[in-house]
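J.: Below is a structure I'd like to ask you about.
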Amino acid sequence: MLYVEANGAKIPAIGLGTWELRGRACARLVEQALRLGYRHVDTAQVYENEREVGEGLRAAHVRREDVFVTTKVWTTHFAPNDLERSTKESLTKLRLSEIDLLLLHWPNPHVPLAETLGALAHVKKLGMARHIGVSNFTVALLDEAVAACPEPLVCNQVEYHPYLDQTRVREACARHGMAVVAYSPVAKGRIKSDETLGRIGQAHGKTRAQICLRWLVQQNAAAIPRTSKIERLSENIDIFDFALSDDEMQQLFAMGSPKGRLTDFGFAPKWD
(Lines give C-alpha, C1' and ligand atoms only; values in the text may rest on other atoms or scores of the structure.)
Protein backbone atom coordinates (compact mmCIF):
# COMPACT_ATOMS: atom_id res chain seq x y z
CA MET A 1 0.00 0.00 0.00
CA LEU A 2 1.18 3.50 -0.82
CA TYR A 3 0.33 6.45 1.41
CA VAL A 4 -0.49 10.08 0.73
CA GLU A 5 1.06 12.34 3.35
CA ALA A 6 -0.52 15.69 4.14
CA ASN A 7 -0.21 17.98 7.16
CA GLY A 8 0.74 15.13 9.48
CA ALA A 9 -1.68 12.52 8.14
CA LYS A 10 -0.73 9.33 6.29
CA ILE A 11 -3.72 8.37 4.16
CA PRO A 12 -3.69 4.95 2.43
CA ALA A 13 -3.83 5.67 -1.29
CA ILE A 14 -6.68 3.24 -2.00
CA GLY A 15 -9.67 2.97 0.29
CA LEU A 16 -13.16 1.54 0.28
CA GLY A 17 -16.02 3.96 -0.32
CA THR A 18 -19.28 2.86 1.31
CA TRP A 19 -21.89 5.27 -0.09
CA GLU A 20 -25.20 3.40 -0.68
CA LEU A 21 -23.94 0.26 1.07
CA ARG A 22 -26.35 -0.93 3.73
CA GLY A 23 -26.92 -3.62 6.30
CA ARG A 24 -25.15 -6.96 6.40
CA ALA A 25 -23.81 -6.48 2.86
CA CYS A 26 -21.98 -3.34 3.97
CA ALA A 27 -20.41 -5.04 7.01
CA ARG A 28 -19.37 -8.02 4.89
CA LEU A 29 -17.72 -5.84 2.23
CA VAL A 30 -15.79 -3.84 4.83
CA GLU A 31 -14.63 -7.05 6.50
CA GLN A 32 -13.56 -8.61 3.20
CA ALA A 33 -11.80 -5.44 2.04
CA LEU A 34 -9.71 -5.35 5.21
CA ARG A 35 -8.86 -9.03 4.85
CA LEU A 36 -7.66 -8.32 1.29
CA GLY A 37 -5.31 -5.58 2.47
CA TYR A 38 -7.38 -2.39 2.42
CA ARG A 39 -6.46 -0.07 5.27
CA HIS A 40 -8.70 2.91 4.51
CA VAL A 41 -12.49 2.89 4.92
CA ASP A 42 -14.70 5.90 4.15
CA THR A 43 -18.19 6.46 5.51
CA ALA A 44 -20.42 9.42 6.49
CA GLN A 45 -23.25 10.30 8.82
CA VAL A 46 -25.65 10.75 5.94
CA TYR A 47 -24.82 7.28 4.52
CA GLU A 48 -26.58 5.79 7.57
CA ASN A 49 -24.15 2.87 7.64
CA GLU A 50 -21.58 3.85 10.29
CA ARG A 51 -22.83 1.05 12.56
CA GLU A 52 -22.34 -1.57 9.81
CA VAL A 53 -18.92 -0.18 8.92
CA GLY A 54 -17.95 -0.59 12.57
CA GLU A 55 -19.20 -4.18 12.53
CA GLY A 56 -17.03 -4.91 9.48
CA LEU A 57 -14.00 -3.35 11.16
CA ARG A 58 -14.37 -5.59 14.20
CA ALA A 59 -15.11 -8.74 12.21
CA ALA A 60 -11.90 -8.37 10.18
CA HIS A 61 -9.72 -8.59 13.34
CA VAL A 62 -7.24 -6.03 11.99
CA ARG A 63 -5.34 -3.95 14.53
CA ARG A 64 -7.14 -0.66 15.08
CA GLU A 65 -3.96 1.37 14.62
CA ASP A 66 -3.51 -0.15 11.15
CA VAL A 67 -6.87 1.07 9.78
CA PHE A 68 -7.59 4.64 8.64
CA VAL A 69 -11.29 5.41 9.15
CA THR A 70 -12.93 8.50 7.67
CA THR A 71 -16.41 9.79 8.40
CA LYS A 72 -18.12 13.05 7.47
CA VAL A 73 -20.31 15.47 9.40
CA TRP A 74 -23.56 16.30 7.61
CA THR A 75 -24.48 19.92 6.92
CA THR A 76 -27.38 20.00 9.40
CA HIS A 77 -24.87 19.43 12.23
CA PHE A 78 -22.53 22.34 11.50
CA ALA A 79 -23.50 24.51 14.46
CA PRO A 80 -20.76 24.02 17.10
CA ASN A 81 -22.84 22.12 19.68
CA ASP A 82 -24.45 19.98 16.99
CA LEU A 83 -21.11 19.13 15.43
CA GLU A 84 -19.65 17.86 18.71
CA ARG A 85 -22.80 15.90 19.56
CA SER A 86 -23.03 14.29 16.12
CA THR A 87 -19.36 13.33 16.22
CA LYS A 88 -19.93 11.53 19.52
CA GLU A 89 -22.87 9.72 17.89
CA SER A 90 -20.64 8.66 14.98
CA LEU A 91 -18.04 7.31 17.40
CA THR A 92 -20.75 5.38 19.25
CA LYS A 93 -22.08 3.84 16.03
CA LEU A 94 -18.60 2.95 14.78
CA ARG A 95 -17.64 1.80 18.30
CA LEU A 96 -14.36 3.68 18.07
CA SER A 97 -12.64 5.95 20.56
CA GLU A 98 -11.41 8.27 17.79
CA ILE A 99 -11.89 8.84 14.07
CA ASP A 100 -8.77 9.04 11.95
CA LEU A 101 -10.20 11.70 9.64
CA LEU A 102 -13.32 13.79 10.24
CA LEU A 103 -14.58 15.87 7.31
CA LEU A 104 -17.21 18.53 6.71
CA HIS A 105 -19.30 16.79 4.05
CA TRP A 106 -20.44 19.82 2.04
CA PRO A 107 -20.23 23.59 2.50
CA ASN A 108 -23.21 25.04 4.36
CA PRO A 109 -23.77 28.76 3.63
CA HIS A 110 -26.31 29.03 6.47
CA VAL A 111 -23.70 28.52 9.24
CA PRO A 112 -20.62 30.79 9.40
CA LEU A 113 -17.69 28.73 8.17
CA ALA A 114 -15.37 30.03 10.91
CA GLU A 115 -17.78 28.76 13.59
CA THR A 116 -17.98 25.30 12.04
CA LEU A 117 -14.22 25.06 11.60
CA GLY A 118 -13.68 26.19 15.17
CA ALA A 119 -15.96 23.38 16.32
CA LEU A 120 -14.21 20.88 14.04
CA ALA A 121 -10.83 21.89 15.48
CA HIS A 122 -12.25 21.64 19.01
CA VAL A 123 -13.41 18.07 18.36
CA LYS A 124 -9.87 17.25 17.27
CA LYS A 125 -8.41 18.82 20.41
CA LEU A 126 -10.81 16.75 22.52
CA GLY A 127 -9.30 13.61 20.96
CA MET A 128 -12.35 12.53 18.96
CA ALA A 129 -10.53 12.91 15.63
CA ARG A 130 -6.85 12.52 14.81
CA HIS A 131 -7.15 14.65 11.66
CA ILE A 132 -9.74 16.97 10.13
CA GLY A 133 -10.57 18.15 6.62
CA VAL A 134 -13.29 19.14 4.19
CA SER A 135 -15.20 17.64 1.28
CA ASN A 136 -16.70 19.20 -1.84
CA PHE A 137 -15.13 22.60 -1.20
CA THR A 138 -14.44 24.96 -4.09
CA VAL A 139 -11.06 26.67 -4.43
CA ALA A 140 -12.38 29.89 -2.90
CA LEU A 141 -13.99 28.07 0.03
CA LEU A 142 -10.86 26.00 0.54
CA ASP A 143 -8.73 29.12 0.84
CA GLU A 144 -11.25 30.60 3.29
CA ALA A 145 -11.35 27.40 5.33
CA VAL A 146 -7.57 27.14 5.67
CA ALA A 147 -7.35 30.77 6.79
CA ALA A 148 -10.13 30.35 9.35
CA CYS A 149 -9.27 26.96 10.86
CA PRO A 150 -7.07 26.93 13.98
CA GLU A 151 -5.90 23.36 13.17
CA PRO A 152 -4.37 22.00 9.92
CA LEU A 153 -6.80 20.63 7.34
CA VAL A 154 -5.41 17.50 5.70
CA CYS A 155 -7.62 16.95 2.64
CA ASN A 156 -10.42 18.01 0.35
CA GLN A 157 -12.49 15.00 -0.71
CA VAL A 158 -13.98 15.66 -4.15
CA GLU A 159 -15.33 13.91 -7.21
CA TYR A 160 -12.33 13.18 -9.41
CA HIS A 161 -11.81 10.90 -12.40
CA PRO A 162 -10.37 11.26 -15.92
CA TYR A 163 -13.51 12.97 -17.29
CA LEU A 164 -13.40 15.79 -14.70
CA ASP A 165 -10.62 18.37 -14.78
CA GLN A 166 -9.80 19.17 -11.16
CA THR A 167 -6.57 21.07 -11.86
CA ARG A 168 -7.57 24.14 -9.84
CA VAL A 169 -8.62 22.11 -6.81
CA ARG A 170 -5.44 20.03 -7.01
CA GLU A 171 -3.30 23.17 -7.17
CA ALA A 172 -5.14 24.73 -4.23
CA CYS A 173 -4.68 21.60 -2.13
CA ALA A 174 -0.97 21.47 -3.00
CA ARG A 175 -0.61 25.14 -2.05
CA HIS A 176 -1.98 24.36 1.41
CA GLY A 177 -0.12 21.08 1.88
CA MET A 178 -3.41 19.17 1.64
CA ALA A 179 -4.24 15.90 -0.08
CA VAL A 180 -6.91 15.30 -2.70
CA VAL A 181 -9.13 12.30 -1.93
CA ALA A 182 -11.10 11.20 -4.99
CA TYR A 183 -14.62 9.79 -4.82
CA SER A 184 -16.28 8.32 -7.92
CA PRO A 185 -12.73 7.63 -9.20
CA VAL A 186 -13.92 5.26 -11.91
CA ALA A 187 -16.69 7.64 -13.03
CA LYS A 188 -19.61 5.47 -11.89
CA GLY A 189 -19.05 2.92 -14.65
CA ARG A 190 -18.91 5.44 -17.50
CA ILE A 191 -15.47 4.04 -18.35
CA LYS A 192 -16.80 0.64 -19.49
CA SER A 193 -16.37 1.28 -23.21
CA ASP A 194 -13.73 4.02 -23.16
CA GLU A 195 -11.24 3.34 -25.97
CA THR A 196 -8.32 5.28 -24.49
CA LEU A 197 -8.57 3.52 -21.15
CA GLY A 198 -9.06 0.20 -22.89
CA ARG A 199 -5.95 0.64 -25.05
CA ILE A 200 -3.76 1.70 -22.12
CA GLY A 201 -5.17 -1.08 -19.98
CA GLN A 202 -4.40 -3.68 -22.64
CA ALA A 203 -0.78 -2.50 -22.77
CA HIS A 204 -0.42 -3.15 -19.03
CA GLY A 205 -2.71 -6.15 -18.67
CA LYS A 206 -5.04 -4.10 -16.48
CA THR A 207 -8.70 -3.10 -16.51
CA ARG A 208 -10.02 0.36 -17.28
CA ALA A 209 -10.84 0.86 -13.59
CA GLN A 210 -7.29 -0.04 -12.59
CA ILE A 211 -5.91 2.49 -15.08
CA CYS A 212 -8.11 5.23 -13.58
CA LEU A 213 -7.01 4.39 -10.04
CA ARG A 214 -3.34 4.20 -11.00
CA TRP A 215 -3.64 7.60 -12.71
CA LEU A 216 -4.93 9.11 -9.47
CA VAL A 217 -2.30 7.46 -7.28
CA GLN A 218 0.49 8.72 -9.53
CA GLN A 219 -0.79 12.26 -8.89
CA ASN A 220 -0.29 11.60 -5.18
CA ALA A 221 -4.06 11.52 -4.68
CA ALA A 222 -5.97 8.97 -2.63
CA ALA A 223 -8.99 7.21 -4.14
CA ILE A 224 -12.00 5.60 -2.49
CA PRO A 225 -13.78 3.47 -5.12
CA ARG A 226 -17.13 2.13 -4.00
CA THR A 227 -18.27 -1.32 -5.01
CA SER A 228 -21.06 -3.62 -3.89
CA LYS A 229 -19.29 -6.65 -5.39
CA ILE A 230 -16.66 -8.52 -3.41
CA GLU A 231 -14.90 -9.62 -6.62
CA ARG A 232 -14.23 -5.96 -7.48
CA LEU A 233 -12.39 -5.39 -4.23
CA SER A 234 -9.33 -7.35 -5.37
CA GLU A 235 -9.30 -5.57 -8.73
CA ASN A 236 -9.40 -2.09 -7.22
CA ILE A 237 -6.43 -2.66 -4.91
CA ASP A 238 -4.28 -4.48 -7.48
CA ILE A 239 -2.66 -1.34 -8.92
CA PHE A 240 0.71 -1.22 -7.24
CA ASP A 241 2.65 -3.49 -9.61
CA PHE A 242 2.78 -1.21 -12.66
CA ALA A 243 3.18 2.46 -13.59
CA LEU A 244 1.75 4.67 -16.30
CA SER A 245 4.20 6.51 -18.53
CA ASP A 246 4.23 10.30 -18.71
CA ASP A 247 2.55 10.06 -22.11
CA GLU A 248 -0.19 7.80 -20.76
CA MET A 249 -0.75 10.14 -17.83
CA GLN A 250 -1.16 13.05 -20.25
CA GLN A 251 -3.61 11.09 -22.39
CA LEU A 252 -5.84 10.67 -19.35
CA PHE A 253 -5.48 14.32 -18.35
CA ALA A 254 -6.57 15.26 -21.90
CA MET A 255 -9.88 13.45 -21.37
CA GLY A 256 -10.95 15.85 -18.63
CA SER A 257 -13.29 18.82 -18.73
CA PRO A 258 -14.35 21.28 -16.00
CA LYS A 259 -17.92 20.24 -16.90
CA GLY A 260 -17.28 16.52 -16.54
CA ARG A 261 -18.99 16.23 -13.17
CA LEU A 262 -21.25 13.20 -12.72
CA THR A 263 -22.56 13.94 -9.21
CA ASP A 264 -25.54 16.28 -9.35
CA PHE A 265 -26.80 17.15 -5.89
CA GLY A 266 -29.38 19.92 -5.75
CA PHE A 267 -27.68 21.48 -2.72
CA ALA A 268 -24.18 21.55 -4.24
CA PRO A 269 -22.53 24.98 -4.44
CA LYS A 270 -21.68 26.68 -7.69
CA TRP A 271 -18.23 25.44 -8.63
CA ASP A 272 -15.36 27.71 -9.65
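Note on naming: chains are A, B, ... as they come in the C-alpha coordinates, residues start from 1 per chain, ligands start from 1 in the order shown.
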Tell me, counting only C-alpha atoms, for each residue of region 131-182 of chain A within 8 Å of region 104-108 of chain A, which pair of atoms is nearest and how far apart they are in Å to one decimal, in rows ordered by chain and increasing number, as JSON lines.

T.:
```
{"residue": "A:Gly133", "atom": "CA", "partner": "A:Leu104", "partner_atom": "CA", "distance": 6.7}
{"residue": "A:Val134", "atom": "CA", "partner": "A:Leu104", "partner_atom": "CA", "distance": 4.7}
{"residue": "A:Ser135", "atom": "CA", "partner": "A:His105", "partner_atom": "CA", "distance": 5.0}
{"residue": "A:Asn136", "atom": "CA", "partner": "A:Trp106", "partner_atom": "CA", "distance": 5.4}
{"residue": "A:Phe137", "atom": "CA", "partner": "A:Pro107", "partner_atom": "CA", "distance": 6.4}
```

J.: Restricting it to N, CA and C atoms, dump the selection as a PDB file, in the first residue's frame.

T.:
```pdb
ATOM      1  N   GLY A 133     -10.647  17.653   7.989  1.00  0.00           N
ATOM      2  CA  GLY A 133     -10.568  18.149   6.623  1.00  0.00           C
ATOM      3  C   GLY A 133     -11.943  18.528   6.113  1.00  0.00           C
ATOM      4  N   VAL A 134     -12.036  18.703   4.810  1.00  0.00           N
ATOM      5  CA  VAL A 134     -13.286  19.135   4.186  1.00  0.00           C
ATOM      6  C   VAL A 134     -13.578  18.265   2.973  1.00  0.00           C
ATOM      7  N   SER A 135     -14.779  18.391   2.458  1.00  0.00           N
ATOM      8  CA  SER A 135     -15.203  17.637   1.282  1.00  0.00           C
ATOM      9  C   SER A 135     -16.086  18.524   0.424  1.00  0.00           C
ATOM     10  N   ASN A 136     -15.892  18.447  -0.882  1.00  0.00           N
ATOM     11  CA  ASN A 136     -16.700  19.202  -1.844  1.00  0.00           C
ATOM     12  C   ASN A 136     -16.567  20.714  -1.685  1.00  0.00           C
ATOM     13  N   PHE A 137     -15.380  21.167  -1.320  1.00  0.00           N
ATOM     14  CA  PHE A 137     -15.131  22.604  -1.197  1.00  0.00           C
ATOM     15  C   PHE A 137     -14.525  23.140  -2.493  1.00  0.00           C
TER      16      PHE A 137
END
```

J.: With DSSP run on the backbone, what are the strand (DSSP E) residues within region 44-91 of chain A? I'd like them as a list in words.

T.: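 Checking each residue of region 44-91 of chain A, the strand (DSSP E) ones are Phe68, Val69, Thr70, Thr71, Lys72 and Val73 of chain A.
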
J.: Produce a file of the selected residues containing all heavy atoms, as a PDB file, in the first residue's frame.

T.:
```
ATOM      1  N   PHE A  68      -7.315   3.196   8.732  1.00  0.00           N
ATOM      2  CA  PHE A  68      -7.594   4.636   8.644  1.00  0.00           C
ATOM      3  C   PHE A  68      -9.078   4.798   8.325  1.00  0.00           C
ATOM      4  O   PHE A  68      -9.534   4.474   7.227  1.00  0.00           O
ATOM      5  CB  PHE A  68      -6.723   5.246   7.547  1.00  0.00           C
ATOM      6  CG  PHE A  68      -6.682   6.751   7.537  1.00  0.00           C
ATOM      7  CD1 PHE A  68      -5.678   7.444   8.202  1.00  0.00           C
ATOM      8  CD2 PHE A  68      -7.640   7.485   6.858  1.00  0.00           C
ATOM      9  CE1 PHE A  68      -5.629   8.825   8.201  1.00  0.00           C
ATOM     10  CE2 PHE A  68      -7.607   8.873   6.833  1.00  0.00           C
ATOM     11  CZ  PHE A  68      -6.589   9.546   7.513  1.00  0.00           C
ATOM     12  N   VAL A  69      -9.838   5.290   9.295  1.00  0.00           N
ATOM     13  CA  VAL A  69     -11.293   5.414   9.149  1.00  0.00           C
ATOM     14  C   VAL A  69     -11.666   6.884   8.982  1.00  0.00           C
ATOM     15  O   VAL A  69     -11.286   7.728   9.795  1.00  0.00           O
ATOM     16  CB  VAL A  69     -12.021   4.827  10.376  1.00  0.00           C
ATOM     17  CG1 VAL A  69     -13.536   4.964  10.208  1.00  0.00           C
ATOM     18  CG2 VAL A  69     -11.637   3.365  10.582  1.00  0.00           C
ATOM     19  N   THR A  70     -12.426   7.151   7.936  1.00  0.00           N
ATOM     20  CA  THR A  70     -12.930   8.502   7.667  1.00  0.00           C
ATOM     21  C   THR A  70     -14.444   8.519   7.811  1.00  0.00           C
ATOM     22  O   THR A  70     -15.135   7.620   7.320  1.00  0.00           O
ATOM     23  CB  THR A  70     -12.574   8.950   6.240  1.00  0.00           C
ATOM     24  OG1 THR A  70     -11.163   8.955   6.071  1.00  0.00           O
ATOM     25  CG2 THR A  70     -13.127  10.340   5.945  1.00  0.00           C
ATOM     26  N   THR A  71     -14.982   9.537   8.478  1.00  0.00           N
ATOM     27  CA  THR A  71     -16.406   9.793   8.398  1.00  0.00           C
ATOM     28  C   THR A  71     -16.607  11.290   8.201  1.00  0.00           C
ATOM     29  O   THR A  71     -15.668  12.089   8.337  1.00  0.00           O
ATOM     30  CB  THR A  71     -17.191   9.258   9.609  1.00  0.00           C
ATOM     31  OG1 THR A  71     -18.595   9.250   9.272  1.00  0.00           O
ATOM     32  CG2 THR A  71     -16.977  10.100  10.856  1.00  0.00           C
ATOM     33  N   LYS A  72     -17.843  11.667   7.861  1.00  0.00           N
ATOM     34  CA  LYS A  72     -18.121  13.046   7.469  1.00  0.00           C
ATOM     35  C   LYS A  72     -19.344  13.578   8.209  1.00  0.00           C
ATOM     36  O   LYS A  72     -20.357  12.886   8.310  1.00  0.00           O
ATOM     37  CB  LYS A  72     -18.324  13.105   5.942  1.00  0.00           C
ATOM     38  CG  LYS A  72     -17.097  12.653   5.166  1.00  0.00           C
ATOM     39  CD  LYS A  72     -17.308  12.703   3.658  1.00  0.00           C
ATOM     40  CE  LYS A  72     -18.025  11.493   3.113  1.00  0.00           C
ATOM     41  NZ  LYS A  72     -17.204  10.248   3.164  1.00  0.00           N
ATOM     42  N   VAL A  73     -19.221  14.813   8.678  1.00  0.00           N
ATOM     43  CA  VAL A  73     -20.315  15.474   9.401  1.00  0.00           C
ATOM     44  C   VAL A  73     -21.284  16.075   8.382  1.00  0.00           C
ATOM     45  O   VAL A  73     -20.870  16.807   7.472  1.00  0.00           O
ATOM     46  CB  VAL A  73     -19.773  16.584  10.320  1.00  0.00           C
ATOM     47  CG1 VAL A  73     -20.915  17.257  11.080  1.00  0.00           C
ATOM     48  CG2 VAL A  73     -18.736  16.023  11.293  1.00  0.00           C
TER      49      VAL A  73
END
```

J.: If you run DSSP on the backbone here, which positions in region 50-264 of chain A get alpha helix (DSSP H)? Please write them as a PyMOL selection string.

T.: chain A and resi 50-60+80-94+113-125+139-148+167-175+195-204+208-217+230-237+246-253

J.: For Lys88 (chain A), please output as a PyMOL selection string all residues within 12 Å (counting only C-alpha atoms; exclusion window: fewer than 2 positions along the same chain).

T.: chain A and resi 45+71+73+77+81-86+90-99+102+123-124+126-129

J.: For each of A:Leu164, A:Leu16, A:Val67, A:Ala59, take the minimum atom-to-atom distance to Ala254 (chain A), counting only C-alpha atoms, then give the residue where this is smallest.

T.: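 Smallest separation from Ala254 (chain A) among the options: A:Leu164.
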
J.: Using Å and a single decimal, report how far CA of Tyr163 (chain A) sits from CA of Gly260 (chain A).

T.: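 Distance between the two atoms: 5.2 Å.
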
J.: Contacts of Leu252 (chain A) at 12 Å or less, counting only C-alpha atoms, minus same-chain residues fewer than 6 places along, as a list of chain:residue names?

T.: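 Once the nearby chain positions are removed, what remains is A:His161, A:Pro162, A:Tyr163, A:Leu164, A:Asp165, A:Ile191, A:Asp194, A:Glu195, A:Thr196, A:Leu197, A:Gly198, A:Arg199, A:Ile200, A:Gly201, A:Arg208, A:Ile211, A:Cys212, A:Leu213, A:Arg214, A:Trp215, A:Leu216, A:Gln218, A:Gln219, A:Leu244, A:Ser245, A:Asp246.
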
J.: Ranking A:Ala121, A:Val154, A:Val30, A:Leu2 by minimum distance to Leu233 (chain A) and counting only C-alpha atoms, which one comes first?

T.: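 Looking at the shortest contact to Leu233 (chain A), the residue is A:Val30.
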
J.: Could you tell me how far CA of Ala148 (chain A) lies from CA of Gly118 (chain A), in Å and to one decimal?

T.: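 The value is 8.0 Å.
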